[in-house]
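To be precise, the following lines are structure-v1.cif, and they hold mmCIF, C-alpha atoms.
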```
data_structure
#
loop_
_atom_site.label_atom_id
_atom_site.label_comp_id
_atom_site.auth_asym_id
_atom_site.auth_seq_id
_atom_site.Cartn_x
_atom_site.Cartn_y
_atom_site.Cartn_z
CA MET Q 73 64.68 53.49 -184.50
CA THR Q 74 62.10 51.27 -182.82
CA THR Q 75 60.14 52.44 -179.81
CA ILE Q 76 59.02 49.73 -177.39
CA LEU Q 77 56.03 50.52 -175.25
CA THR Q 78 55.98 48.79 -171.91
CA ARG Q 79 53.34 48.58 -169.23
CA PRO Q 80 54.43 49.66 -165.71
CA LEU Q 81 54.83 46.85 -163.22
CA GLY Q 82 51.71 46.31 -161.23
CA ALA Q 83 49.47 47.92 -163.82
CA THR Q 84 46.08 46.28 -164.09
CA VAL Q 85 44.71 45.13 -167.43
CA HIS Q 86 40.98 45.66 -167.72
CA PRO Q 87 39.52 43.18 -170.20
CA GLY Q 88 36.62 44.38 -172.31
CA LYS Q 89 33.21 43.41 -171.08
CA VAL Q 90 31.65 40.49 -172.92
CA THR Q 91 28.51 41.84 -174.58
CA LEU Q 92 26.16 40.24 -177.07
CA LEU Q 93 27.19 42.80 -179.68
CA ARG Q 94 30.86 41.84 -179.30
CA VAL Q 95 30.01 38.15 -179.45
CA LEU Q 96 27.98 38.77 -182.60
CA ARG Q 97 30.90 40.63 -184.15
CA SER Q 98 33.32 37.82 -183.35
CA GLU Q 99 30.99 35.21 -184.84
CA TRP Q 100 30.58 37.33 -187.97
CA ILE Q 101 34.37 37.56 -188.34
CA LYS Q 102 34.74 33.80 -187.91
CA LEU Q 103 31.98 33.04 -190.42
CA ARG Q 104 33.22 35.31 -193.19
CA THR Q 105 36.90 34.40 -192.84
CA VAL Q 106 36.45 30.62 -193.04
CA ARG Q 107 36.93 29.29 -196.58
CA SER Q 108 34.11 26.76 -196.28
CA THR Q 109 31.61 29.62 -195.92
CA SER Q 110 32.22 31.09 -199.36
CA ILE Q 111 32.46 27.64 -200.98
CA THR Q 112 29.17 26.34 -199.59
CA LEU Q 113 27.27 29.58 -200.19
CA LEU Q 114 28.53 29.85 -203.77
CA THR Q 115 27.57 26.21 -204.31
CA ALA Q 116 24.07 26.89 -203.05
CA VAL Q 117 23.65 29.97 -205.24
CA ALA Q 118 25.06 28.21 -208.31
CA ALA Q 119 22.68 25.30 -207.80
CA MET Q 120 19.68 27.58 -207.29
CA VAL Q 121 20.32 29.91 -210.22
CA GLY Q 122 22.49 28.08 -212.75
CA LEU Q 123 21.04 24.60 -212.45
CA GLY Q 124 17.59 26.08 -211.97
CA MET Q 125 17.72 27.76 -215.38
CA LEU Q 126 19.08 24.60 -217.00
CA VAL Q 127 16.40 22.39 -215.46
CA THR Q 128 13.70 24.86 -216.47
CA HIS Q 129 14.92 24.78 -220.08
CA LEU Q 130 15.07 20.98 -220.16
CA ARG Q 131 11.71 20.37 -218.51
CA ALA Q 132 9.87 22.88 -220.68
CA GLY Q 133 11.31 21.50 -223.89
CA ASP Q 134 8.96 18.64 -224.68
CA LEU Q 135 5.86 18.37 -222.52
CA SER Q 136 3.00 15.95 -222.99
CA ALA Q 137 -0.55 17.22 -222.54
CA ARG Q 138 -0.68 15.74 -219.04
CA GLU Q 139 2.68 17.26 -218.06
CA LEU Q 140 1.63 20.61 -219.47
CA ALA Q 141 -1.46 20.63 -217.28
CA HIS Q 142 0.66 20.19 -214.15
CA PHE Q 143 3.59 22.38 -215.17
CA ASN Q 144 4.24 25.37 -212.91
CA GLY Q 145 6.97 27.75 -214.00
CA ALA Q 146 7.64 29.13 -210.53
CA GLU Q 147 8.09 25.74 -208.88
CA VAL Q 148 10.26 24.41 -211.70
CA SER Q 149 12.58 27.43 -211.70
CA LEU Q 150 13.06 27.05 -207.92
CA SER Q 151 13.32 23.25 -207.91
CA MET Q 152 17.09 23.27 -207.40
CA TYR Q 153 16.57 24.23 -203.79
CA ARG Q 154 17.04 20.49 -203.22
CA PRO Q 155 20.83 20.39 -203.81
CA ALA Q 156 21.12 23.89 -202.32
CA GLN Q 157 19.64 22.68 -199.04
CA LEU Q 158 22.50 20.22 -198.58
CA ALA Q 159 25.10 22.98 -199.02
CA ILE Q 160 23.29 25.27 -196.57
CA GLY Q 161 22.78 22.46 -194.08
CA VAL Q 162 26.46 21.51 -194.20
CA LEU Q 163 27.42 25.13 -193.58
CA GLY Q 164 25.17 25.15 -190.54
CA VAL Q 165 26.82 22.00 -189.23
CA LEU Q 166 30.29 23.49 -189.73
CA MET Q 167 29.36 26.56 -187.68
CA PHE Q 168 29.93 24.35 -184.65
CA THR Q 169 31.82 21.25 -185.68
CA GLY Q 170 34.55 23.27 -187.40
CA GLU Q 171 35.53 24.73 -184.04
CA TYR Q 172 35.37 21.36 -182.31
CA SER Q 173 37.59 19.73 -184.94
CA THR Q 174 40.29 22.40 -184.61
CA GLY Q 175 40.01 22.89 -180.85
CA MET Q 176 39.01 26.52 -181.40
CA ILE Q 177 35.91 25.90 -179.32
CA ARG Q 178 38.04 26.08 -176.15
CA ALA Q 179 39.18 29.60 -177.03
CA THR Q 180 35.61 30.57 -177.86
CA LEU Q 181 34.26 29.31 -174.56
CA THR Q 182 37.11 30.93 -172.66
CA ALA Q 183 36.30 34.28 -174.26
CA VAL Q 184 32.55 33.76 -173.76
CA PRO Q 185 32.16 31.73 -170.55
CA ARG Q 186 28.37 31.95 -170.70
CA ARG Q 187 27.55 29.51 -173.45
CA LEU Q 188 24.04 30.51 -174.38
CA PRO Q 189 25.07 33.94 -175.74
CA MET Q 190 27.59 32.14 -177.93
CA LEU Q 191 24.88 29.84 -179.30
CA ALA Q 192 22.52 32.78 -179.78
CA ALA Q 193 25.21 34.77 -181.61
CA LYS Q 194 26.10 31.90 -183.94
CA THR Q 195 22.41 31.32 -184.69
CA ALA Q 196 21.69 35.01 -185.32
CA VAL Q 197 24.70 35.59 -187.58
CA PHE Q 198 24.02 32.44 -189.56
CA THR Q 199 20.32 33.25 -189.93
CA GLY Q 200 21.00 36.78 -191.14
CA VAL Q 201 23.62 35.80 -193.71
CA VAL Q 202 21.73 32.82 -195.12
CA LEU Q 203 18.32 34.51 -195.20
CA VAL Q 204 19.64 37.54 -197.11
CA LEU Q 205 21.68 35.52 -199.58
CA MET Q 206 19.04 32.83 -200.18
CA THR Q 207 16.35 35.46 -200.67
CA ALA Q 208 18.47 37.05 -203.38
CA ALA Q 209 19.23 33.61 -204.88
CA SER Q 210 15.54 32.64 -204.88
CA PHE Q 211 14.47 35.78 -206.69
CA ALA Q 212 17.38 35.40 -209.13
CA ALA Q 213 16.48 31.75 -209.80
CA PHE Q 214 12.84 32.69 -210.37
CA SER Q 215 13.74 35.57 -212.68
CA GLY Q 216 16.23 33.44 -214.61
CA GLY Q 217 13.76 30.60 -214.99
CA GLN Q 218 11.03 32.91 -216.24
CA ALA Q 219 13.47 34.49 -218.69
CA VAL Q 220 14.17 31.02 -220.10
CA LEU Q 221 10.45 30.28 -220.39
CA SER Q 222 9.61 33.67 -221.90
CA SER Q 223 12.20 33.25 -224.64
CA ALA Q 224 10.67 30.07 -226.06
CA HIS Q 225 7.62 29.07 -224.00
CA THR Q 226 5.81 32.32 -223.21
CA HIS Q 227 2.60 30.53 -222.22
CA LEU Q 228 4.46 28.66 -219.46
CA SER Q 229 5.98 31.66 -217.69
CA THR Q 230 4.60 33.05 -214.45
CA HIS Q 231 4.81 36.40 -212.66
CA LEU Q 232 5.33 37.43 -209.07
CA SER Q 233 1.83 38.90 -209.07
CA ASP Q 234 0.29 35.48 -209.80
CA PRO Q 235 -1.43 33.83 -206.80
CA GLY Q 236 1.01 32.06 -204.49
CA VAL Q 237 4.14 32.86 -206.49
CA THR Q 238 5.68 35.51 -204.22
CA ARG Q 239 5.01 33.25 -201.23
CA VAL Q 240 6.84 30.37 -202.91
CA VAL Q 241 9.83 32.51 -203.93
CA PHE Q 242 10.31 34.02 -200.48
CA GLY Q 243 9.27 30.75 -198.83
CA THR Q 244 12.14 28.96 -200.56
CA ALA Q 245 14.60 31.29 -198.82
CA LEU Q 246 12.86 30.74 -195.48
CA TYR Q 247 12.88 26.97 -195.97
CA LEU Q 248 16.61 26.94 -196.74
CA THR Q 249 17.32 29.12 -193.71
CA VAL Q 250 15.51 26.69 -191.43
CA VAL Q 251 17.45 23.80 -193.01
CA GLY Q 252 20.65 25.63 -192.08
CA LEU Q 253 19.43 26.10 -188.50
CA LEU Q 254 18.81 22.36 -188.31
CA GLY Q 255 22.45 21.95 -189.28
CA VAL Q 256 23.58 24.41 -186.59
CA ALA Q 257 21.59 22.53 -183.95
CA LEU Q 258 22.81 19.10 -185.05
CA GLY Q 259 26.41 20.32 -185.14
CA ALA Q 260 26.11 21.61 -181.57
CA ILE Q 261 24.46 18.41 -180.36
CA ILE Q 262 26.62 15.81 -182.11
CA ARG Q 263 29.90 17.82 -182.31
CA SER Q 264 31.12 15.72 -185.25
CA SER Q 265 30.91 16.91 -188.86
CA GLU Q 266 30.37 13.44 -190.25
CA GLY Q 267 27.75 12.46 -187.68
CA ALA Q 268 25.84 15.72 -187.88
CA ILE Q 269 25.80 15.74 -191.70
CA ALA Q 270 24.59 12.12 -191.71
CA ALA Q 271 21.81 13.06 -189.28
CA LEU Q 272 20.85 16.03 -191.44
CA VAL Q 273 20.68 13.90 -194.59
CA GLY Q 274 18.59 11.37 -192.69
CA ILE Q 275 16.10 14.04 -191.63
CA LEU Q 276 15.86 15.74 -195.02
CA LEU Q 277 16.07 12.83 -197.46
CA ILE Q 278 15.88 9.42 -195.84
CA LEU Q 279 12.99 10.02 -193.43
CA PRO Q 280 10.57 11.16 -196.19
CA GLY Q 281 11.59 8.13 -198.25
CA LEU Q 282 10.77 5.81 -195.36
CA GLY Q 283 7.49 7.63 -194.86
CA ALA Q 284 6.56 6.91 -198.46
CA LEU Q 285 6.80 3.19 -197.69
CA LEU Q 286 4.10 3.35 -195.03
CA PRO Q 287 0.64 1.95 -195.74
CA ALA Q 288 -1.63 4.56 -197.32
CA ASP Q 289 -3.87 4.96 -194.26
CA TRP Q 290 -0.80 5.59 -192.07
CA ALA Q 291 1.05 7.75 -194.56
CA GLN Q 292 -1.69 10.38 -194.79
CA HIS Q 293 -1.45 10.92 -191.03
CA VAL Q 294 2.36 10.80 -190.77
CA ASN Q 295 4.03 12.09 -193.93
CA PRO Q 296 2.74 15.70 -193.89
CA TYR Q 297 4.23 16.15 -190.40
CA LEU Q 298 7.73 14.93 -191.17
CA PRO Q 299 10.19 17.85 -190.92
CA SER Q 300 11.12 18.43 -194.55
CA ASN Q 301 7.67 17.52 -195.85
CA ALA Q 302 6.12 20.10 -193.54
CA GLY Q 303 8.56 22.78 -194.65
CA GLN Q 304 8.06 22.01 -198.32
CA ALA Q 305 4.34 22.73 -198.00
CA MET Q 306 5.49 26.35 -198.32
CA LEU Q 307 7.01 25.62 -201.73
CA SER Q 308 3.83 24.67 -203.58
CA VAL Q 309 1.94 27.37 -205.48
CA VAL Q 310 -1.29 25.45 -204.98
CA PRO Q 311 -1.50 24.67 -201.24
CA ASP Q 312 -1.63 21.03 -200.20
CA PRO Q 313 -4.93 20.24 -198.42
CA ALA Q 314 -3.01 18.11 -195.91
CA MET Q 315 -0.81 21.01 -194.70
CA ALA Q 316 -1.28 24.76 -195.14
CA PRO Q 317 1.90 26.55 -196.32
CA TRP Q 318 2.55 28.74 -193.28
CA THR Q 319 1.48 25.99 -190.91
CA GLY Q 320 3.98 23.62 -192.50
CA LEU Q 321 6.82 26.14 -192.35
CA SER Q 322 5.98 26.93 -188.72
CA LEU Q 323 6.08 23.23 -187.86
CA PHE Q 324 9.42 22.85 -189.65
CA ALA Q 325 10.79 25.85 -187.76
CA GLY Q 326 9.46 24.30 -184.57
CA TYR Q 327 11.55 21.18 -185.18
CA ALA Q 328 14.63 23.38 -185.62
CA ALA Q 329 13.79 25.37 -182.48
CA ALA Q 330 13.38 22.18 -180.47
CA LEU Q 331 16.79 20.90 -181.60
CA LEU Q 332 18.36 24.28 -180.78
CA GLY Q 333 16.81 23.97 -177.32
CA VAL Q 334 18.43 20.56 -176.90
CA ALA Q 335 21.73 22.05 -178.10
CA ALA Q 336 21.48 24.86 -175.54
CA TRP Q 337 20.80 22.37 -172.74
CA LEU Q 338 23.75 20.19 -173.74
CA LEU Q 339 26.10 23.16 -174.12
CA LYS Q 340 25.47 24.12 -170.50
CA ARG Q 341 25.98 20.56 -169.23
CA ARG Q 342 28.96 19.32 -171.26
CA ASP Q 343 32.62 20.20 -171.17
CA ALA Q 344 34.20 21.75 -174.25
#
```

Final structure tokens representation of the file:
Amino acid sequence: MTTILTRPLGATVHPGKVTLLRVLRSEWIKLRTVRSTSITLLTAVAAMVGLGMLVTHLRAGDLSARELAHFNGAEVSLSMYRPAQLAIGVLGVLMFTGEYSTGMIRATLTAVPRRLPMLAAKTAVFTGVVLVLMTAASFAAFSGGQAVLSSAHTHLSTHLSDPGVTRVVFGTALYLTVVGLLGVALGAIIRSSEGAIAALVGILLILPGLGALLPADWAQHVNPYLPSNAGQAMLSVVPDPAMAPWTGLSLFAGYAAALLGVAAWLLKRRDA
């Protein structure tokens, strides 16, 4: 026997108050239940750890005297942050554009009429998930790479206690997190997956390539301040004289913060 519960006529429904905690919870549910999240995060981790160990083995196999002098086990074992950054950046883009492509953004903005808390919640959830996972992946990639070196090239391995190594390992996770936030901002600004991903690739890969074509006297004043170049100053065990590690990461984060500011301004001005 089925019992049907009915609400008396005239009864008032009291919707729950929209709080930042509830918005955070809803964004967490959306992030973890979308298939693209697990695919892109697993891709990033596989690139960092699996390809990192393979590249470390290949690069340490046959080194000339000059290559040996410049070989750094920590940097080599973490070098696969480059493909990982594309996966993380794409995930950041999809945080927004996925909802625009399906029309889900209308439901989101109906549930959260004030748009800035929605942007803040997406940014906070994304930052937390990516920072935790990429920190674990960075330490795993470093440990795996050093295990490869220790098995056959003991003299090439490094330790976390060596100068600059812990900064580089943790800095890799911070760098990748900021890359993802660039993706979040571009997704909110452009609202198209294709356009935002193209813009992200342009910032991360094409812009530094164009900077390399500048005359030498221009390049030394421009290239260190390009977004990805500034962030990658954090990823060198021996600091670059042109850009201190934490200064470079702060500048890179500043670019992301500026784009998030533009996204916030546009979210308040545009229709869904």

Between region 103-217 of chain Q and region 228-235 of chain Q, at 12 Å or less, what are the per-residue closest atom pairs and their distances in Å? Count all atoms listed in the file, order by chain and rising residue number, and return it as CSV.
```
residue,atom,partner,partner_atom,distance
Q:Thr128,CA,Q:Ser229,CA,10.4
Q:His129,CA,Q:Leu228,CA,11.2
Q:Arg131,CA,Q:Leu228,CA,11.1
Q:Ala132,CA,Q:Leu228,CA,8.0
Q:Gly133,CA,Q:Leu228,CA,10.9
Q:Leu135,CA,Q:Leu228,CA,10.8
Q:Glu139,CA,Q:Leu228,CA,11.6
Q:Leu140,CA,Q:Leu228,CA,8.5
Q:Ala141,CA,Q:Leu228,CA,10.2
Q:His142,CA,Q:Leu228,CA,10.7
Q:Phe143,CA,Q:Leu228,CA,7.7
Q:Asn144,CA,Q:Leu228,CA,7.3
Q:Gly145,CA,Q:Ser229,CA,5.5
Q:Ala146,CA,Q:Thr230,CA,6.3
Q:Glu147,CA,Q:Thr230,CA,9.8
Q:Val148,CA,Q:Ser229,CA,10.3
Q:Ser149,CA,Q:Ser229,CA,9.9
Q:Phe211,CA,Q:Leu232,CA,9.6
Q:Phe214,CA,Q:Leu232,CA,9.0
Q:Ser215,CA,Q:His231,CA,9.0
Q:Gly216,CA,Q:Ser229,CA,10.8
Q:Gly217,CA,Q:Ser229,CA,8.3
```

Any chance you can output those residues with C-alpha atoms as an mmCIF file, in the frame of the given file?
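out17.cif was written with the following content:
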```cif
data_model
loop_
_atom_site.group_PDB
_atom_site.id
_atom_site.type_symbol
_atom_site.label_atom_id
_atom_site.label_comp_id
_atom_site.auth_asym_id
_atom_site.auth_seq_id
_atom_site.Cartn_x
_atom_site.Cartn_y
_atom_site.Cartn_z
ATOM 1 C CA THR Q 128 13.700 24.860 -216.470
ATOM 2 C CA HIS Q 129 14.920 24.780 -220.080
ATOM 3 C CA ARG Q 131 11.710 20.370 -218.510
ATOM 4 C CA ALA Q 132 9.870 22.880 -220.680
ATOM 5 C CA GLY Q 133 11.310 21.500 -223.890
ATOM 6 C CA LEU Q 135 5.860 18.370 -222.520
ATOM 7 C CA GLU Q 139 2.680 17.260 -218.060
ATOM 8 C CA LEU Q 140 1.630 20.610 -219.470
ATOM 9 C CA ALA Q 141 -1.460 20.630 -217.280
ATOM 10 C CA HIS Q 142 0.660 20.190 -214.150
ATOM 11 C CA PHE Q 143 3.590 22.380 -215.170
ATOM 12 C CA ASN Q 144 4.240 25.370 -212.910
ATOM 13 C CA GLY Q 145 6.970 27.750 -214.000
ATOM 14 C CA ALA Q 146 7.640 29.130 -210.530
ATOM 15 C CA GLU Q 147 8.090 25.740 -208.880
ATOM 16 C CA VAL Q 148 10.260 24.410 -211.700
ATOM 17 C CA SER Q 149 12.580 27.430 -211.700
ATOM 18 C CA PHE Q 211 14.470 35.780 -206.690
ATOM 19 C CA PHE Q 214 12.840 32.690 -210.370
ATOM 20 C CA SER Q 215 13.740 35.570 -212.680
ATOM 21 C CA GLY Q 216 16.230 33.440 -214.610
ATOM 22 C CA GLY Q 217 13.760 30.600 -214.990
#
```

Taking only residues of region 168-223 of chain Q that have an atom at most 8 Å from an atom of region 321-337 of chain Q, what is each one's shortest atom pair and its distance in Å to one decimal, using all atoms listed in the file, in chain and number order, as a tab-separated table?
```
residue	atom	partner	partner_atom	distance
Q:Arg187	CA	Q:Ala336	CA	7.9
Q:Leu188	CA	Q:Ala336	CA	6.3
Q:Leu191	CA	Q:Ala336	CA	7.1
```

Original post:
So what do you get for CA of Tyr172 (chain Q) versus CA of Ala193 (chain Q), distance-wise?
Top reply: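 Going from CA of Tyr172 (chain Q) over to CA of Ala193 (chain Q), I get 16.8 Å.
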
**OP:** Run the PyMOL selection byres ((chain Q and resi 120) around 6) against the file shown and list the residues it catches, as a list in words.
**Re:**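 Output of the PyMOL selection byres ((chain Q and resi 120) around 6): Val117, Ala118, Ala119, Val121, Gly124, Met152, Tyr153 and Ala213 of chain Q.
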
**OP:** Excluding region 295-301 of chain Q and residues on its chain fewer than 2 positions from it, collect all residues at most 7 Å away from it, counting all atoms listed in the file, and give them as a ChimeraX atom specification.
**Re:** /Q:276,280,283,291-293,303-305,314-315,324,327

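Going from CA of Gly281 (chain Q) over to CA of Gly122 (chain Q), you cover 27.0 Å.
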
Original post:
From the list Q:Thr105, Q:Ser110, Q:Gln218, Q:Gln157, which residue is nearest Ile275 (chain Q) when using only C-alpha atoms?
Top reply: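 Result for the nearest residue to Ile275 (chain Q): Q:Gln157.
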
Original post:
For Ala271 (chain Q), which residue among Q:Val165, Q:Val237, Q:Ala219, Q:Met306 is the nearest when counting all atoms listed in the file?
Top reply: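 Nearest candidate to Ala271 (chain Q) out of Q:Val165, Q:Val237, Q:Ala219, Q:Met306: Q:Val165.
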
**OP:** Could you check which of Q:Arg138, Q:Lys340, Q:Arg186, Q:Arg263 is closest to Leu166 (chain Q), using all atoms listed in the file?
**Re:** Q:Arg263

**OP:** Give me, please, the distance in Å between CA of Ala159 (chain Q) and CA of Val184 (chain Q), quoted to one decimal.
**Re:**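 Calculated distance between CA of Ala159 (chain Q) and CA of Val184 (chain Q) is 28.5 Å.
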
**OP:** Fewer than 5 positions away in the same chain doesn't count, so skip those; otherwise give me all residues within 10 Å of Met167 (chain Q), counting all atoms listed in the file, as a list in words.
**Re:** Glu99, Lys102, Leu103, Val106, Ser108, Thr109, Val162, Tyr172, Lys194, Thr195, Phe198, Gly252, Leu253, Gly255, Val256, Ala257, Gly259, Ala260 and Ser265 of chain Q

Subject >> Among listed residues Q:Phe168, Q:Pro287, Q:Ala209, Q:Gly236, nearest Val310 (chain Q) (using only C-alpha atoms) >> reply: Q:Gly236

**OP:** Could you give me, as a ChimeraX atom specification, the residues that sit within 7 Å of (23.6, 16.5, -196.5) in the file's coordinates, counting only C-alpha atoms?
**Re:** /Q:158,161-162,269-270,272-273

Original post:
Of the candidates Q:Val220, Q:Ala245, Q:Val95, Q:Met176, which one gets nearest to Val201 (chain Q) if we count only C-alpha atoms?
Top reply: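 Of the candidates, the smallest distance to Val201 (chain Q) is held by Q:Ala245.
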
Original post:
Applied to the shown file, which residues does the PyMOL selection byres ((chain Q and resi 243) around 9) return, written as a list in words?
Top reply: Thr207, Ser210, Thr238, Arg239, Val240, Val241, Phe242, Thr244, Ala245, Leu246, Tyr247, Leu248, Gln304, Met306, Leu307, Pro317, Trp318 and Leu321 of chain Q

**OP:** Go through Q:Arg94, Q:Arg154, Q:Lys89, Q:Arg107 one by one, measure the shortest atom-to-atom distance of each to Leu277 (chain Q) using all atoms listed in the file, and give the residue with the smallest value.
**Re:**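 Looking at the shortest contact to Leu277 (chain Q), the residue is Q:Arg154.
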
List the neighbours of Leu96 (chain Q) out to 7 Å using only C-alpha atoms; skip same-chain residues closer than 4 positions along the sequence, and give me the result as a short mmCIF file (atom, residue, chain, number, x, y, z; two decimals) with C-alpha atoms, keeping the file's coordinate frame.
```
data_model
loop_
_atom_site.label_atom_id
_atom_site.label_comp_id
_atom_site.auth_asym_id
_atom_site.auth_seq_id
_atom_site.Cartn_x
_atom_site.Cartn_y
_atom_site.Cartn_z
CA LEU Q 92 26.16 40.24 -177.07
CA TRP Q 100 30.58 37.33 -187.97
CA ALA Q 193 25.21 34.77 -181.61
CA VAL Q 197 24.70 35.59 -187.58
#
```
